[in-house]
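Here's the structure we're looking at; comments come further down.
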Amino acid sequence: MWKEMPMEMRNWTTVQEFTLEGFPAIQHLGKVLFFVHLLAYLASIAGNVVIVTITCADSRLHTPMYFFLSIFSFLECCFISAVIPKLLLIFLLGKQTISFPACFTQAFVFVFLGATGFLLIAVMSLDRYAAICKPLHYPTIMNLKTCFLLVTACLALAFPLITGPVVTVSQLSFCGPDVIPHVFCDLGTLIHLSCSDTRSVEMLAFVLTLFILLTSLIITIIAYSNIVVTIVGLPSTKEKQRAFSTCSSHLIVLSLMYGSCVFIYAKPKQTNRLDSNRVAALINMVVTPLLNPVIYTLRNKQVHQALREMMCRMKISR
């Protein structure tokens, strides 16, 4: 004989798809928002693709610093492509629904690439430390094999750290509401929508996020503390300016990344300040990837030269 289910259990229905709320207050500006975000998306992709292309094409840029930069730019392209195309559909067609598997796939790709990016930022800091503080040993320390191993280590560390929470959240019960008050399938928001007891998984997600952010930040702070001490000790002003110029672009980019992500994720309760979280998330997804190639190209003479030569070759080939 079947046991009678409690009334609250009988009324539950399994959620098959979610609805991305986006920005309901300005939803009437859908076409304007579509064109603005489309232009920003295309500019971000183009800028980062240019960095990857010139790094591969110009032999003078075949150095660890530009190798890591090209990997970072590639990750940025994948990172924004996990979210922005769906957001464009919401703005243009009002297609706000997303299936359960697609939602968790988007959440996984977004968080995995984001975590990998932060770990890569720490690796780039170590690269600058080795170049400035250990110049004589730099070619030996940062050889091609070491560079590949460090990138692989970032991916290998991020994958299990992110897979666990995402799989755990996907196995929670979702029985309504099915509206995600965000512009994409944010893991913290999905936890809030679950009708299961989410205290343990929310704390797990918070601890892992804090671990990734703090690990990357501590490595970066230690590396740049040593870099500053070394730069201050350099004999000439010209040498100091040259050493600092190789780090300034990296410092600007990591400041943008840490600022937006700490604001969004480094707090246990994801239910607070949802509207401000959406704005900060858009800055992290659209503005930062757009600024990265601009910052790296405008402040780097080697990249300038490589771009000019590539443009000349393109004109000649025509």
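How things are named: the first chain in the structure tokens is A, the next is B, and so on; residues count from 1 in each chain; ligands count from 1 in the order shown.
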Identify, on the basis of only C-alpha atoms, every residue whose closest approach to Asn143 in chain A does not exceed 9 Å; exclude the query and any residue fewer than 4 positions from it along the same chain; express the result as a compact mmCIF listing (two decimals) with all heavy atoms, in the first residue's frame.
# COMPACT_ATOMS: atom_id res chain seq x y z
N THR A 63 56.99 34.62 -25.57
CA THR A 63 57.58 34.65 -24.23
C THR A 63 56.52 34.19 -23.23
O THR A 63 55.33 34.21 -23.54
CB THR A 63 58.06 36.07 -23.86
OG1 THR A 63 56.91 36.94 -23.83
CG2 THR A 63 59.07 36.59 -24.88
N PRO A 64 56.94 33.79 -22.02
CA PRO A 64 55.95 33.33 -21.03
C PRO A 64 54.86 34.35 -20.75
O PRO A 64 53.68 33.99 -20.63
CB PRO A 64 56.81 33.08 -19.79
CG PRO A 64 58.14 32.72 -20.34
CD PRO A 64 58.32 33.57 -21.55
N TYR A 138 65.35 33.56 -14.86
CA TYR A 138 64.01 33.57 -15.46
C TYR A 138 63.87 32.62 -16.65
O TYR A 138 62.89 31.86 -16.71
CB TYR A 138 63.65 35.01 -15.86
CG TYR A 138 62.29 35.14 -16.51
CD1 TYR A 138 61.13 34.89 -15.78
CD2 TYR A 138 62.15 35.52 -17.84
CE1 TYR A 138 59.88 35.01 -16.36
CE2 TYR A 138 60.91 35.64 -18.43
CZ TYR A 138 59.77 35.39 -17.68
OH TYR A 138 58.53 35.51 -18.28
N PRO A 139 64.80 32.63 -17.62
CA PRO A 139 64.65 31.71 -18.76
C PRO A 139 64.60 30.24 -18.34
O PRO A 139 63.93 29.42 -18.98
CB PRO A 139 65.89 31.99 -19.62
CG PRO A 139 66.32 33.37 -19.23
CD PRO A 139 66.00 33.47 -17.77
N CYS A 147 55.49 26.57 -18.33
CA CYS A 147 54.31 27.36 -18.68
C CYS A 147 53.09 26.47 -18.94
O CYS A 147 52.00 26.73 -18.43
CB CYS A 147 54.59 28.22 -19.91
SG CYS A 147 55.79 29.53 -19.61
N PHE A 148 53.30 25.42 -19.71
CA PHE A 148 52.21 24.48 -20.00
C PHE A 148 51.73 23.79 -18.72
O PHE A 148 50.53 23.59 -18.52
CB PHE A 148 52.65 23.44 -21.03
CG PHE A 148 52.49 23.88 -22.45
CD1 PHE A 148 53.59 24.14 -23.24
CD2 PHE A 148 51.22 24.06 -23.00
CE1 PHE A 148 53.45 24.57 -24.55
CE2 PHE A 148 51.06 24.49 -24.31
CZ PHE A 148 52.18 24.74 -25.10
message: Residues near range 81-87 of chain A, anyone? I mean within 12 Å using only C-alpha atoms, not counting same-chain ones fewer than 6 positions away, as a PyMOL selection string.
response: chain A and resi 19-23+27+30-31+33-42+44-45+74-75+93-99+102-114+182-186+281-287+289
query: Residues at most 9 Å from Ile219 in chain A, counting only C-alpha atoms, excluding those fewer than 6 positions away in the same chain, as a list in words?
result: Ala122, Val123, Ser125 and Leu126 of chain A
Can you write just those residues out, N, CA and C atoms, as a PDB file, in the first residue's frame?
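Writing the result to selection.pdb gives the following:
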ATOM      1  N   ALA A 122      47.026  34.570 -10.802  1.00  0.00           N
ATOM      2  CA  ALA A 122      48.079  34.305  -9.816  1.00  0.00           C
ATOM      3  C   ALA A 122      49.347  33.810 -10.502  1.00  0.00           C
ATOM      4  N   VAL A 123      49.189  32.948 -11.504  1.00  0.00           N
ATOM      5  CA  VAL A 123      50.345  32.446 -12.266  1.00  0.00           C
ATOM      6  C   VAL A 123      51.039  33.586 -12.994  1.00  0.00           C
ATOM      7  N   SER A 125      51.138  36.622 -12.044  1.00  0.00           N
ATOM      8  CA  SER A 125      51.865  37.380 -11.010  1.00  0.00           C
ATOM      9  C   SER A 125      53.202  36.715 -10.699  1.00  0.00           C
ATOM     10  N   LEU A 126      53.191  35.387 -10.615  1.00  0.00           N
ATOM     11  CA  LEU A 126      54.446  34.655 -10.368  1.00  0.00           C
ATOM     12  C   LEU A 126      55.420  34.827 -11.532  1.00  0.00           C
TER      13      LEU A 126
END
message: Could you list, as a ChimeraX atom specification, every residue within 12 Å of Ile141 in chain A, counting only C-alpha atoms and ignoring same-chain residues fewer than 6 positions away?
response: /A:64,126-131,133-135,147,150
